[in-house]
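Printed here is work27.txt (compact mmCIF, C-alpha atoms and all ligand atoms):
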# COMPACT_ATOMS: atom_id res chain seq x y z
CA MET Z 10 28.33 -9.00 -4.67
CA LYS Z 11 28.10 -9.32 -0.88
CA LYS Z 12 24.74 -10.57 0.35
CA LEU Z 13 23.21 -8.42 3.07
CA LYS Z 14 21.54 -9.18 6.37
CA ILE Z 15 18.47 -7.02 6.64
CA GLY Z 16 15.94 -6.61 9.45
CA ILE Z 17 12.49 -5.49 8.30
CA THR Z 18 9.87 -3.98 10.59
CA CYS Z 19 6.38 -3.11 9.39
CA TYR Z 20 2.77 -3.29 10.48
CA PRO Z 21 2.21 -6.97 9.70
CA TYR Z 22 -1.55 -6.95 9.22
CA VAL Z 23 -3.50 -6.21 6.04
CA GLY Z 24 -2.54 -2.86 4.50
CA GLY Z 25 -0.42 -1.61 1.63
CA SER Z 26 2.65 -0.81 3.74
CA GLY Z 27 2.74 -4.31 5.24
CA VAL Z 28 2.24 -5.82 1.79
CA VAL Z 29 5.06 -3.80 0.24
CA ALA Z 30 7.45 -4.50 3.15
CA THR Z 31 6.72 -8.23 3.05
CA GLU Z 32 6.94 -8.55 -0.73
CA LEU Z 33 10.21 -6.61 -0.66
CA GLY Z 34 11.59 -9.01 1.96
CA LYS Z 35 10.51 -12.00 -0.13
CA LEU Z 36 12.13 -10.72 -3.32
CA LEU Z 37 15.34 -9.75 -1.49
CA ALA Z 38 15.45 -13.25 0.02
CA GLU Z 39 15.05 -14.75 -3.46
CA LYS Z 40 18.12 -12.73 -4.47
CA GLY Z 41 20.09 -14.36 -1.65
CA HIS Z 42 19.91 -11.70 1.06
CA GLU Z 43 19.12 -12.84 4.58
CA ILE Z 44 15.88 -11.26 5.78
CA HIS Z 45 14.75 -11.00 9.39
CA PHE Z 46 11.20 -9.79 9.95
CA ILE Z 47 10.92 -8.19 13.40
CA THR Z 48 7.20 -7.61 13.88
CA SER Z 49 4.34 -8.01 16.35
CA SER Z 50 2.97 -11.00 14.42
CA LEU Z 51 3.77 -12.97 11.29
CA PRO Z 52 3.21 -10.66 8.29
CA PHE Z 53 0.06 -11.94 6.59
CA ARG Z 54 1.74 -12.36 3.20
CA LEU Z 55 4.48 -14.51 4.75
CA ASN Z 56 2.28 -17.54 4.71
CA LYS Z 57 4.76 -20.22 3.72
CA LEU Z 58 8.25 -21.33 4.65
CA MET Z 59 10.84 -19.56 2.53
CA THR Z 60 14.61 -19.83 2.24
CA ASN Z 61 16.54 -16.89 3.75
CA ILE Z 62 13.54 -15.56 5.67
CA TYR Z 63 13.32 -15.54 9.46
CA PHE Z 64 10.60 -14.21 11.73
CA HIS Z 65 11.20 -12.70 15.18
CA GLU Z 66 8.03 -11.97 17.10
CA VAL Z 67 7.97 -8.93 19.37
CA GLU Z 68 6.39 -9.99 22.64
CA VAL Z 69 5.23 -7.49 25.21
CA ASN Z 70 5.13 -8.49 28.85
CA GLN Z 71 2.12 -7.29 30.80
CA TYR Z 72 3.52 -6.18 34.15
CA SER Z 73 0.89 -4.75 36.46
CA VAL Z 74 2.94 -1.57 37.00
CA PHE Z 75 2.45 -0.63 33.37
CA LYS Z 76 -0.76 1.18 32.58
CA TYR Z 77 0.00 0.66 28.88
CA PRO Z 78 2.00 -2.30 27.52
CA PRO Z 79 5.37 -0.86 26.36
CA TYR Z 80 5.30 -2.22 22.78
CA ASP Z 81 7.73 0.34 21.39
CA LEU Z 82 10.38 -0.53 23.97
CA ALA Z 83 9.87 -4.25 23.41
CA LEU Z 84 10.31 -3.66 19.67
CA ALA Z 85 13.49 -1.60 20.13
CA SER Z 86 14.89 -4.24 22.45
CA LYS Z 87 14.05 -7.06 19.98
CA MET Z 88 15.59 -5.07 17.12
CA ALA Z 89 18.83 -4.68 19.11
CA GLU Z 90 18.84 -8.35 20.15
CA VAL Z 91 18.31 -9.62 16.60
CA ALA Z 92 20.79 -7.10 15.13
CA ASN Z 93 23.50 -8.22 17.56
CA ARG Z 94 22.88 -11.95 17.31
CA GLU Z 95 22.33 -12.12 13.54
CA LYS Z 96 24.89 -9.41 12.75
CA LEU Z 97 22.41 -7.34 10.75
CA ASP Z 98 23.77 -4.72 8.36
CA ILE Z 99 20.54 -2.79 8.05
CA LEU Z 100 17.19 -2.23 9.70
CA HIS Z 101 14.64 -1.26 7.08
CA VAL Z 102 11.62 0.12 8.88
CA HIS Z 103 8.29 1.02 7.35
CA TYR Z 104 6.69 4.05 9.03
CA ALA Z 105 8.51 6.65 11.08
CA ILE Z 106 6.20 6.19 14.07
CA PRO Z 107 7.04 4.20 16.02
CA HIS Z 108 9.37 2.09 13.87
CA ALA Z 109 12.08 4.63 12.95
CA VAL Z 110 12.22 5.86 16.53
CA CYS Z 111 12.53 2.28 17.84
CA ALA Z 112 15.26 1.61 15.28
CA PHE Z 113 17.13 4.70 16.52
CA LEU Z 114 16.98 3.32 20.05
CA ALA Z 115 18.21 -0.09 18.86
CA LYS Z 116 21.08 1.58 17.01
CA GLN Z 117 22.11 3.36 20.20
CA MET Z 118 22.30 -0.05 21.87
CA VAL Z 119 24.05 -1.89 19.02
CA GLY Z 120 26.43 0.69 17.57
CA ASP Z 121 26.79 2.94 14.57
CA HIS Z 122 27.56 0.13 12.13
CA LEU Z 123 23.84 -0.73 12.10
CA LYS Z 124 22.22 1.42 9.43
CA ILE Z 125 18.59 2.53 9.43
CA VAL Z 126 16.56 2.89 6.26
CA THR Z 127 13.08 4.33 6.82
CA THR Z 128 10.28 4.22 4.28
CA LEU Z 129 7.37 6.64 4.68
CA HIS Z 130 4.02 5.29 3.51
CA GLY Z 131 1.68 8.14 4.25
CA THR Z 132 -0.35 8.08 7.40
CA ASP Z 133 2.54 9.06 9.67
CA ILE Z 134 2.91 12.21 7.58
CA THR Z 135 -0.54 12.95 6.21
CA VAL Z 136 -2.37 12.28 9.49
CA LEU Z 137 0.08 12.18 12.41
CA GLY Z 138 2.22 14.91 10.86
CA HIS Z 139 -0.60 17.34 11.65
CA ASP Z 140 -0.69 16.25 15.30
CA GLN Z 141 1.57 18.65 17.19
CA SER Z 142 2.17 16.13 19.94
CA MET Z 143 3.71 13.78 17.37
CA SER Z 144 5.19 15.92 14.61
CA GLU Z 145 8.53 16.63 16.32
CA LEU Z 146 8.98 12.93 17.07
CA ILE Z 147 8.22 11.99 13.44
CA LYS Z 148 10.75 14.59 12.30
CA PHE Z 149 13.26 13.15 14.76
CA GLY Z 150 12.61 9.60 13.44
CA ILE Z 151 13.24 10.85 9.89
CA GLU Z 152 16.35 12.84 10.75
CA SER Z 153 17.91 10.05 12.79
CA SER Z 154 17.53 7.50 9.98
CA ASP Z 155 20.53 7.00 7.71
CA THR Z 156 18.37 7.07 4.59
CA VAL Z 157 14.71 7.93 4.12
CA THR Z 158 12.48 6.99 1.22
CA ALA Z 159 8.83 7.77 0.48
CA VAL Z 160 6.47 5.98 -1.86
CA SER Z 161 5.67 8.95 -4.12
CA ASN Z 162 7.01 12.37 -5.05
CA ALA Z 163 3.83 13.84 -3.55
CA LEU Z 164 4.61 12.27 -0.18
CA VAL Z 165 8.20 13.53 -0.31
CA GLN Z 166 6.91 17.05 -0.94
CA GLU Z 167 4.23 16.82 1.74
CA THR Z 168 6.82 15.67 4.27
CA TYR Z 169 9.07 18.64 3.47
CA ASP Z 170 6.15 21.07 3.57
CA LEU Z 171 4.79 19.76 6.84
CA LEU Z 172 7.83 18.82 8.90
CA ARG Z 173 10.75 20.55 7.16
CA PRO Z 174 13.22 17.78 8.05
CA SER Z 175 16.89 18.39 7.33
CA LYS Z 176 17.15 15.11 5.47
CA LYS Z 177 17.07 14.14 1.83
CA ILE Z 178 14.08 11.93 1.08
CA GLU Z 179 14.17 9.76 -2.04
CA THR Z 180 11.13 8.51 -3.90
CA VAL Z 181 10.98 4.75 -4.32
CA TYR Z 182 7.64 3.74 -5.77
CA ASN Z 183 5.63 0.74 -4.66
CA PHE Z 184 5.60 -2.41 -6.73
CA ILE Z 185 3.69 -5.67 -7.02
CA ASP Z 186 4.71 -9.24 -7.65
CA GLU Z 187 4.04 -9.68 -11.36
CA ARG Z 188 3.86 -13.45 -10.87
CA VAL Z 189 0.70 -12.93 -8.83
CA TYR Z 190 -0.90 -9.91 -10.49
CA TYR Z 191 -1.60 -10.60 -14.16
CA LYS Z 192 -4.75 -10.87 -16.23
CA ARG Z 193 -6.31 -14.33 -16.16
CA GLU Z 194 -9.15 -15.84 -18.15
CA ASP Z 195 -12.40 -15.96 -16.17
CA SER Z 196 -12.74 -19.55 -14.99
CA GLY Z 197 -16.36 -19.04 -13.96
CA LEU Z 198 -15.91 -16.50 -11.14
CA LYS Z 199 -18.34 -13.99 -12.69
CA LYS Z 200 -21.03 -16.66 -12.80
CA GLU Z 201 -20.23 -17.82 -9.26
CA LEU Z 202 -20.72 -14.26 -8.06
CA GLY Z 203 -24.05 -14.01 -9.88
CA ILE Z 204 -22.79 -11.51 -12.44
CA ALA Z 205 -24.20 -11.94 -15.95
CA ASP Z 206 -21.76 -12.16 -18.86
CA HIS Z 207 -22.87 -8.89 -20.42
CA GLU Z 208 -22.68 -6.94 -17.13
CA LYS Z 209 -19.74 -4.61 -16.51
CA VAL Z 210 -17.89 -4.95 -13.23
CA LEU Z 211 -16.63 -2.03 -11.15
CA ILE Z 212 -14.32 -2.71 -8.22
CA HIS Z 213 -13.14 -0.82 -5.14
CA VAL Z 214 -10.62 -2.24 -2.68
CA SER Z 215 -9.75 -0.52 0.59
CA ASN Z 216 -9.79 -0.63 4.37
CA PHE Z 217 -13.00 1.43 4.43
CA ARG Z 218 -11.48 4.27 6.40
CA GLN Z 219 -13.20 7.65 6.07
CA VAL Z 220 -10.36 8.97 3.87
CA LYS Z 221 -11.24 6.36 1.22
CA ARG Z 222 -14.64 8.01 0.61
CA VAL Z 223 -16.31 4.71 -0.21
CA SER Z 224 -19.68 6.46 -0.22
CA ASP Z 225 -18.51 8.42 -3.29
CA VAL Z 226 -17.84 5.08 -4.98
CA VAL Z 227 -21.39 3.94 -4.20
CA ASN Z 228 -22.93 7.27 -5.27
CA CYS Z 229 -21.05 7.14 -8.57
CA PHE Z 230 -22.08 3.54 -9.14
CA HIS Z 231 -25.70 4.48 -8.45
CA LEU Z 232 -25.60 6.80 -11.49
CA ILE Z 233 -23.42 4.53 -13.64
CA GLN Z 234 -25.72 1.50 -13.34
CA LYS Z 235 -28.62 3.59 -14.63
CA ASN Z 236 -26.77 3.77 -17.96
CA VAL Z 237 -24.81 0.54 -18.11
CA ASP Z 238 -25.81 -2.91 -16.82
CA SER Z 239 -23.24 -3.40 -14.11
CA LYS Z 240 -22.27 -4.68 -10.67
CA LEU Z 241 -20.03 -3.12 -8.04
CA ILE Z 242 -17.62 -5.32 -6.09
CA LEU Z 243 -16.53 -3.89 -2.74
CA VAL Z 244 -13.51 -5.62 -1.23
CA GLY Z 245 -12.27 -4.94 2.29
CA ASP Z 246 -13.72 -3.93 5.60
CA GLY Z 247 -13.32 -1.12 8.09
CA PRO Z 248 -14.91 1.68 10.11
CA GLU Z 249 -17.15 3.04 7.32
CA MET Z 250 -18.71 -0.33 6.47
CA THR Z 251 -21.97 0.28 8.37
CA ALA Z 252 -22.52 3.66 6.70
CA VAL Z 253 -21.72 2.20 3.27
CA CYS Z 254 -24.17 -0.70 3.78
CA LYS Z 255 -26.87 1.77 4.75
CA LEU Z 256 -26.21 3.92 1.68
CA VAL Z 257 -26.39 0.86 -0.58
CA SER Z 258 -29.69 -0.08 0.99
CA ASP Z 259 -31.09 3.50 0.83
CA LEU Z 260 -30.21 3.70 -2.86
CA GLN Z 261 -31.84 0.29 -3.44
CA LEU Z 262 -28.62 -1.15 -4.78
CA LYS Z 263 -28.50 -4.30 -2.65
CA GLU Z 264 -28.83 -6.57 -5.69
CA ALA Z 265 -26.10 -4.77 -7.59
CA VAL Z 266 -23.41 -4.33 -4.93
CA LEU Z 267 -21.38 -7.31 -3.76
CA PHE Z 268 -19.70 -6.95 -0.38
CA LEU Z 269 -16.88 -9.49 -0.43
CA GLY Z 270 -15.07 -8.47 2.77
CA LYS Z 271 -11.33 -9.09 3.01
CA GLN Z 272 -10.07 -11.22 0.14
CA GLU Z 273 -6.83 -12.95 -0.77
CA ASN Z 274 -7.42 -13.81 -4.45
CA LEU Z 275 -7.47 -10.24 -5.66
CA ALA Z 276 -5.90 -10.95 -9.04
CA GLU Z 277 -8.89 -13.11 -9.98
CA LEU Z 278 -11.30 -10.38 -8.92
CA TYR Z 279 -9.40 -7.72 -10.85
CA SER Z 280 -9.36 -10.00 -13.88
CA ILE Z 281 -13.18 -9.96 -14.10
CA SER Z 282 -13.33 -6.18 -13.47
CA ASP Z 283 -13.76 -3.45 -16.08
CA LEU Z 284 -13.04 -0.41 -13.93
CA MET Z 285 -11.35 0.37 -10.62
CA LEU Z 286 -12.50 3.34 -8.53
CA LEU Z 287 -10.23 4.81 -5.85
CA LEU Z 288 -11.75 8.14 -4.84
CA SER Z 289 -9.78 8.87 -1.65
CA GLN Z 290 -9.13 12.27 -0.12
CA LYS Z 291 -5.67 11.15 1.05
CA GLU Z 292 -3.55 8.51 -0.67
CA SER Z 293 0.20 8.54 -0.79
CA PHE Z 294 0.38 5.96 -3.58
CA GLY Z 295 -2.63 3.64 -3.92
CA LEU Z 296 -1.12 0.18 -4.23
CA VAL Z 297 -4.48 -1.30 -5.25
CA LEU Z 298 -4.36 0.83 -8.41
CA LEU Z 299 -1.13 -0.83 -9.44
CA GLU Z 300 -2.53 -4.28 -8.67
CA ALA Z 301 -5.60 -3.56 -10.80
CA MET Z 302 -3.57 -2.05 -13.65
CA ALA Z 303 -1.34 -5.13 -13.79
CA CYS Z 304 -4.51 -7.17 -14.35
CA GLY Z 305 -5.58 -4.86 -17.19
CA VAL Z 306 -8.10 -2.72 -15.31
CA PRO Z 307 -8.27 0.99 -16.18
CA CYS Z 308 -8.55 3.12 -13.04
CA ILE Z 309 -10.30 6.30 -11.99
CA GLY Z 310 -8.67 8.07 -9.07
CA THR Z 311 -8.68 11.44 -7.37
CA ASP Z 312 -6.21 14.28 -7.88
CA ILE Z 313 -4.53 13.93 -4.51
CA GLY Z 314 -1.28 12.56 -3.11
CA GLY Z 315 0.49 9.99 -5.26
CA ILE Z 316 -2.56 8.89 -7.29
CA PRO Z 317 -1.69 11.08 -10.33
CA GLU Z 318 1.78 9.48 -10.32
CA VAL Z 319 0.22 6.04 -10.67
CA ILE Z 320 -2.69 6.68 -13.07
CA LYS Z 321 -1.73 8.52 -16.25
CA ASP Z 322 -4.71 10.79 -16.88
CA GLY Z 323 -6.35 9.98 -20.21
CA VAL Z 324 -3.90 7.13 -20.84
CA THR Z 325 -4.41 4.36 -18.26
CA GLY Z 326 -7.47 5.89 -16.62
CA TYR Z 327 -8.67 9.25 -15.41
CA ILE Z 328 -7.86 11.65 -12.60
CA CYS Z 329 -10.84 13.54 -11.17
CA GLU Z 330 -11.31 16.08 -8.40
CA VAL Z 331 -12.16 14.66 -4.97
CA GLY Z 332 -15.95 14.38 -4.62
CA SER Z 333 -16.71 15.35 -8.23
CA ILE Z 334 -19.37 12.69 -8.70
CA GLU Z 335 -20.59 13.95 -12.08
CA GLU Z 336 -17.12 14.07 -13.57
CA ILE Z 337 -16.27 10.61 -12.25
CA VAL Z 338 -19.51 9.16 -13.64
CA SER Z 339 -19.01 10.72 -17.04
CA LYS Z 340 -15.37 9.50 -17.29
CA SER Z 341 -16.43 6.04 -16.12
CA LEU Z 342 -19.16 5.87 -18.75
CA SER Z 343 -16.77 7.02 -21.45
CA LEU Z 344 -14.75 3.87 -20.76
CA LEU Z 345 -17.56 1.42 -20.03
CA GLU Z 346 -19.62 2.42 -23.08
CA ASN Z 347 -16.75 2.37 -25.53
CA PRO Z 348 -15.19 -1.10 -25.84
CA GLU Z 349 -12.37 0.01 -28.16
CA LYS Z 350 -11.30 2.82 -25.88
CA HIS Z 351 -11.54 0.49 -22.90
CA GLU Z 352 -9.33 -2.07 -24.63
CA THR Z 353 -6.69 0.57 -25.37
CA PHE Z 354 -6.70 1.83 -21.76
CA SER Z 355 -6.56 -1.74 -20.47
CA GLU Z 356 -3.53 -2.62 -22.61
CA ARG Z 357 -1.79 0.59 -21.60
CA ALA Z 358 -2.56 -0.08 -17.91
CA ILE Z 359 -0.67 -3.36 -18.16
CA SER Z 360 2.30 -1.98 -20.09
CA GLU Z 361 2.60 1.30 -18.13
CA GLY Z 362 2.28 -0.49 -14.80
CA THR Z 363 4.99 -2.98 -15.62
CA ALA Z 364 7.26 -0.40 -17.26
CA ARG Z 365 7.22 2.18 -14.46
CA PHE Z 366 6.81 0.06 -11.36
CA HIS Z 367 8.44 -3.27 -12.19
CA SER Z 368 9.41 -5.18 -9.05
CA SER Z 369 12.91 -5.95 -10.38
CA GLU Z 370 13.60 -2.24 -10.85
CA ILE Z 371 12.18 -1.18 -7.46
CA VAL Z 372 13.96 -3.95 -5.55
CA LYS Z 373 17.19 -2.90 -7.27
CA GLN Z 374 16.61 0.69 -6.14
CA TYR Z 375 16.34 -0.50 -2.53
CA GLU Z 376 19.48 -2.64 -2.92
CA ASP Z 377 21.36 0.39 -4.27
CA ILE Z 378 20.18 2.41 -1.28
CA TYR Z 379 21.34 -0.30 1.15
CA ARG Z 380 24.77 -0.51 -0.48
CA SER Z 381 25.24 3.22 -0.61
CA VAL Z 382 24.28 3.69 3.04
CA LEU Z 383 26.72 0.94 4.06
CA LYS Z 384 29.48 2.44 1.91
CA LYS Z 385 29.17 5.75 3.77
CA GLY Z 386 30.31 3.83 6.89
O1 LIG F 401 -4.37 3.08 2.85
C1 LIG F 401 -4.31 2.78 4.03
O2 LIG F 401 -5.08 3.24 4.85
C2 LIG F 401 -3.27 1.77 4.50
C3 LIG F 401 -1.88 2.37 4.44
C4 LIG F 401 -0.90 1.39 5.08
O3 LIG F 401 -0.33 1.76 6.09
O4 LIG F 401 -0.71 0.30 4.59
O5 LIG F 401 -1.53 2.58 3.08
C5 LIG F 401 -0.52 3.54 2.83
O6 LIG F 401 0.63 2.86 2.33
C6 LIG F 401 0.42 2.18 1.09
C7 LIG F 401 1.74 1.49 0.71
O7 LIG F 401 2.75 2.41 0.50
C8 LIG F 401 -0.03 3.18 0.00
O8 LIG F 401 -0.27 2.50 -1.21
C9 LIG F 401 -1.32 3.88 0.44
O9 LIG F 401 -1.63 4.87 -0.51
C10 LIG F 401 -1.09 4.55 1.80
N1 LIG F 401 -2.36 5.05 2.30
C11 LIG F 401 -2.61 6.35 2.45
O10 LIG F 401 -1.81 7.23 2.17
C12 LIG F 401 -3.95 6.70 2.97

Taking this structure as input, can you express it in the form of structure tokens?
Amino acid sequence: MKKLKIGITCYPYVGGSGVVATELGKLLAEKGHEIHFITSSLPFRLNKLMTNIYFHEVEVNQYSVFKYPPYDLALASKMAEVANREKLDILHVHYAIPHAVCAFLAKQMVGDHLKIVTTLHGTDITVLGHDQSMSELIKFGIESSDTVTAVSNALVQETYDLLRPSKKIETVYNFIDERVYYKREDSGLKKELGIADHEKVLIHVSNFRQVKRVSDVVNCFHLIQKNVDSKLILVGDGPEMTAVCKLVSDLQLKEAVLFLGKQENLAELYSISDLMLLLSQKESFGLVLLEAMACGVPCIGTDIGGIPEVIKDGVTGYICEVGSIEEIVSKSLSLLENPEKHETFSERAISEGTARFHSSEIVKQYEDIYRSVLKKG
């Protein structure tokens, strides 16, 4: 089977879309495809030299005539340059804005043989899609791609409802690298973090944007720890951090909440956790749920976006209404206070996660999409 030359553009810093794009590139490279990352900086998960992977940095010149540095034009120009020189078959861009639009521009410069695959991850639809100054451009980016995918059925539907693009959008779920995310024995991490053996561990991982409703996580934990000896691990950082710290202090939870900031060794943290809480008001998939499930952590999530496609309600965790603190607390306690039930949910989280979102299956879906778009000519 012919190996492909694929350009990948994503937001390279921490965030689910950058993680998925980078992990996809790595797995495609392992399968022999030639992968060219065209991004503003080295994707953070691309931290070691790998066969078949190349990195092309987009540099923006600061001419004094420009009020704003023209990043999008620099990206389009770099995409065209790399596509021409490296004879790329495909540009796979993550996010319609600006990446699909830049890819369209590059295609105009390079020629029709260059195919564009766009993956929608959420924010460009669920947030920017509501911005009338952007929505037509997002729709244009989608319609001028050769193939469009989205990370959940919910996001596909939301895109149709909001933008009504005349383009088929396929669901391709997110995945994780199973060689990284698996349940490990605790090699003393709980102790290092000052968590007693008998204490239960709840975990939340996010970029602390308002949509993540981290204060709901803290408010739920406040009630949970009154019933069960427990600690809450908060991983990540972002705009809501100050408000969350204040809430933790107001509720006198400083001793029980561990702020770990941004972390790399998530699998180890998941492995000491008993419950994951992701209580967002917008979430197109919730990659952290899949990471936690792979490490045997049952999850409680909200009934929005793609979360109900990831957590099977009553099987691998629970789905609750956004902001329904009492319901979330009671479902959490039903797992934390019942070891047998917890064990069953934990086992199912591992098996369901690997069965429905296995990297080999998802990467194959992308390969099939690439081949079919190239076949169309
Ligand atoms: O969740 C975020 O704020 C980050 C955002 C991103 O751009 O990385 O995540 C989005 O893409 C992830 C990968 O597909 C999804 O798992 C997240 O659910 C999605 N975030 C939202 O929809 C808010």

Compile a residue-level contact table for chain Z against ligand LIG 401 (chain F) at a cut-off of 7 Å, reporting for every qualifying residue the shortest atom pair and its distance in Å to one decimal, with only C-alpha atoms and all ligand atoms counted, rows ordered by chain and ascending number, as a Markdown table.
| residue | atom | partner | partner_atom | distance |
| --- | --- | --- | --- | --- |
| Z:Gly24 | CA | F:LIG401 | O4 | 3.7 |
| Z:Gly25 | CA | F:LIG401 | O4 | 3.5 |
| Z:Ser26 | CA | F:LIG401 | O4 | 3.6 |
| Z:Gly27 | CA | F:LIG401 | O4 | 5.8 |
| Z:Val29 | CA | F:LIG401 | C7 | 6.3 |
| Z:His130 | CA | F:LIG401 | O6 | 4.3 |
| Z:Gly131 | CA | F:LIG401 | O10 | 4.2 |
| Z:Thr132 | CA | F:LIG401 | O10 | 5.5 |
| Z:Val160 | CA | F:LIG401 | O7 | 5.7 |
| Z:Asn183 | CA | F:LIG401 | O7 | 6.1 |
| Z:Ser215 | CA | F:LIG401 | O1 | 6.9 |
| Z:Asn216 | CA | F:LIG401 | O2 | 6.1 |
| Z:Arg218 | CA | F:LIG401 | O2 | 6.7 |
| Z:Val220 | CA | F:LIG401 | C12 | 6.9 |
| Z:Lys291 | CA | F:LIG401 | C12 | 5.1 |
| Z:Glu292 | CA | F:LIG401 | O10 | 3.6 |
| Z:Ser293 | CA | F:LIG401 | O10 | 3.8 |
| Z:Phe294 | CA | F:LIG401 | O9 | 3.8 |
| Z:Gly295 | CA | F:LIG401 | O9 | 3.8 |
| Z:Leu296 | CA | F:LIG401 | O8 | 3.9 |
| Z:Val297 | CA | F:LIG401 | O8 | 7.0 |

Find the spatial neighbours of Pro317 of chain Z, counting all atoms listed in the file, within a cut-off of 9 Å - ignore same-chain residues fewer than 6 positions away - and output them as a PyMOL selection string.
chain Z and resi 294+310-311+327-328

Excluding Ser381 of chain Z and its own-chain neighbours fewer than 2 positions away, which residues fall within 12 Å of it when counting all atoms listed in the file? Please give them as a PyMOL selection string.
chain Z and resi 99+124+126+155-156+374-379+383-386

Spatial neighbours of segment 68-79 of chain Z, 10 Å, all atoms listed in the file, chain gap at least 4 places, as a CSV table (one decimal) with C-alpha atoms, in the frame of the given file:
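The result, stored in part-v5.csv:
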chain,number,residue,atom,x,y,z
Z,48,THR,CA,7.2,-7.6,13.9
Z,49,SER,CA,4.3,-8.0,16.4
Z,50,SER,CA,3.0,-11.0,14.4
Z,83,ALA,CA,9.9,-4.2,23.4
Z,84,LEU,CA,10.3,-3.7,19.7
Z,87,LYS,CA,14.0,-7.1,20.0

Of the residues Z:Leu55, Z:Val119, Z:Leu146, Z:Ala112, which is the one nearest to Asn93 of chain Z, using only C-alpha atoms?
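Nearest to Asn93 of chain Z: Z:Val119.
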
What does the distance from atom CA of Ile233 of chain Z to atom CA of Leu269 of chain Z come to in Å, to one decimal?
20.3 Å

Taking 2 positions as the minimum chain separation for residues in the same chain, which residues sit within 9 Å of Thr158 of chain Z when counting all atoms listed in the file? Answer as a PDB file with C-alpha atoms, in the frame of the given file.
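As written to disk, around03.pdb reads:
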ATOM      1  CA  VAL Z 126      16.560   2.890   6.260  1.00  0.00           C
ATOM      2  CA  THR Z 127      13.080   4.330   6.820  1.00  0.00           C
ATOM      3  CA  THR Z 128      10.280   4.220   4.280  1.00  0.00           C
ATOM      4  CA  LEU Z 129       7.370   6.640   4.680  1.00  0.00           C
ATOM      5  CA  HIS Z 130       4.020   5.290   3.510  1.00  0.00           C
ATOM      6  CA  THR Z 156      18.370   7.070   4.590  1.00  0.00           C
ATOM      7  CA  VAL Z 160       6.470   5.980  -1.860  1.00  0.00           C
ATOM      8  CA  SER Z 161       5.670   8.950  -4.120  1.00  0.00           C
ATOM      9  CA  VAL Z 165       8.200  13.530  -0.310  1.00  0.00           C
ATOM     10  CA  LYS Z 177      17.070  14.140   1.830  1.00  0.00           C
ATOM     11  CA  ILE Z 178      14.080  11.930   1.080  1.00  0.00           C
ATOM     12  CA  GLU Z 179      14.170   9.760  -2.040  1.00  0.00           C
ATOM     13  CA  THR Z 180      11.130   8.510  -3.900  1.00  0.00           C
ATOM     14  CA  VAL Z 181      10.980   4.750  -4.320  1.00  0.00           C
TER      15      VAL Z 181
END

What's around Asp81 of chain Z at 9 Å? Count only C-alpha atoms, leave out sequence neighbours fewer than 6 positions away in its own chain, and write the answer as a VMD selection string.
chain Z and resid 107 to 108 110 to 111

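Atom CA of Ala265 of chain Z sits 21.8 Å away from atom CA of His351 of chain Z.
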
Counting only C-alpha atoms, the residue among Z:Glu352, Z:Glu330, Z:Glu361, Z:Asp259 that lies closest to Asp283 of chain Z is Z:Glu352

Taking into account all atoms listed in the file, which residue in the set Z:Lys221, Z:Val338, Z:Asn228, Z:Gly120 is nearest to Lys96 of chain Z?
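Smallest separation from Lys96 of chain Z among the options: Z:Gly120.
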
Interatomic distance (Å, one decimal) between atom CA of Val237 of chain Z and atom CA of His207 of chain Z:
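Here the two named atoms are 9.9 Å from each other.
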
Exercise: residues within 12 Å of coordinate (-17.0, 4.9, -21.5), counting only C-alpha atoms, as a PDB file with C-alpha atoms, in the coordinates of the input:
ATOM      1  CA  LYS Z 209     -19.740  -4.610 -16.510  1.00  0.00           C
ATOM      2  CA  ILE Z 233     -23.420   4.530 -13.640  1.00  0.00           C
ATOM      3  CA  ASN Z 236     -26.770   3.770 -17.960  1.00  0.00           C
ATOM      4  CA  VAL Z 237     -24.810   0.540 -18.110  1.00  0.00           C
ATOM      5  CA  ASP Z 283     -13.760  -3.450 -16.080  1.00  0.00           C
ATOM      6  CA  LEU Z 284     -13.040  -0.410 -13.930  1.00  0.00           C
ATOM      7  CA  PRO Z 307      -8.270   0.990 -16.180  1.00  0.00           C
ATOM      8  CA  ILE Z 309     -10.300   6.300 -11.990  1.00  0.00           C
ATOM      9  CA  GLY Z 323      -6.350   9.980 -20.210  1.00  0.00           C
ATOM     10  CA  GLY Z 326      -7.470   5.890 -16.620  1.00  0.00           C
ATOM     11  CA  TYR Z 327      -8.670   9.250 -15.410  1.00  0.00           C
ATOM     12  CA  ILE Z 337     -16.270  10.610 -12.250  1.00  0.00           C
ATOM     13  CA  VAL Z 338     -19.510   9.160 -13.640  1.00  0.00           C
ATOM     14  CA  SER Z 339     -19.010  10.720 -17.040  1.00  0.00           C
ATOM     15  CA  LYS Z 340     -15.370   9.500 -17.290  1.00  0.00           C
ATOM     16  CA  SER Z 341     -16.430   6.040 -16.120  1.00  0.00           C
ATOM     17  CA  LEU Z 342     -19.160   5.870 -18.750  1.00  0.00           C
ATOM     18  CA  SER Z 343     -16.770   7.020 -21.450  1.00  0.00           C
ATOM     19  CA  LEU Z 344     -14.750   3.870 -20.760  1.00  0.00           C
ATOM     20  CA  LEU Z 345     -17.560   1.420 -20.030  1.00  0.00           C
ATOM     21  CA  GLU Z 346     -19.620   2.420 -23.080  1.00  0.00           C
ATOM     22  CA  ASN Z 347     -16.750   2.370 -25.530  1.00  0.00           C
ATOM     23  CA  PRO Z 348     -15.190  -1.100 -25.840  1.00  0.00           C
ATOM     24  CA  GLU Z 349     -12.370   0.010 -28.160  1.00  0.00           C
ATOM     25  CA  LYS Z 350     -11.300   2.820 -25.880  1.00  0.00           C
ATOM     26  CA  HIS Z 351     -11.540   0.490 -22.900  1.00  0.00           C
ATOM     27  CA  GLU Z 352      -9.330  -2.070 -24.630  1.00  0.00           C
ATOM     28  CA  THR Z 353      -6.690   0.570 -25.370  1.00  0.00           C
ATOM     29  CA  PHE Z 354      -6.700   1.830 -21.760  1.00  0.00           C
TER      30      PHE Z 354
END
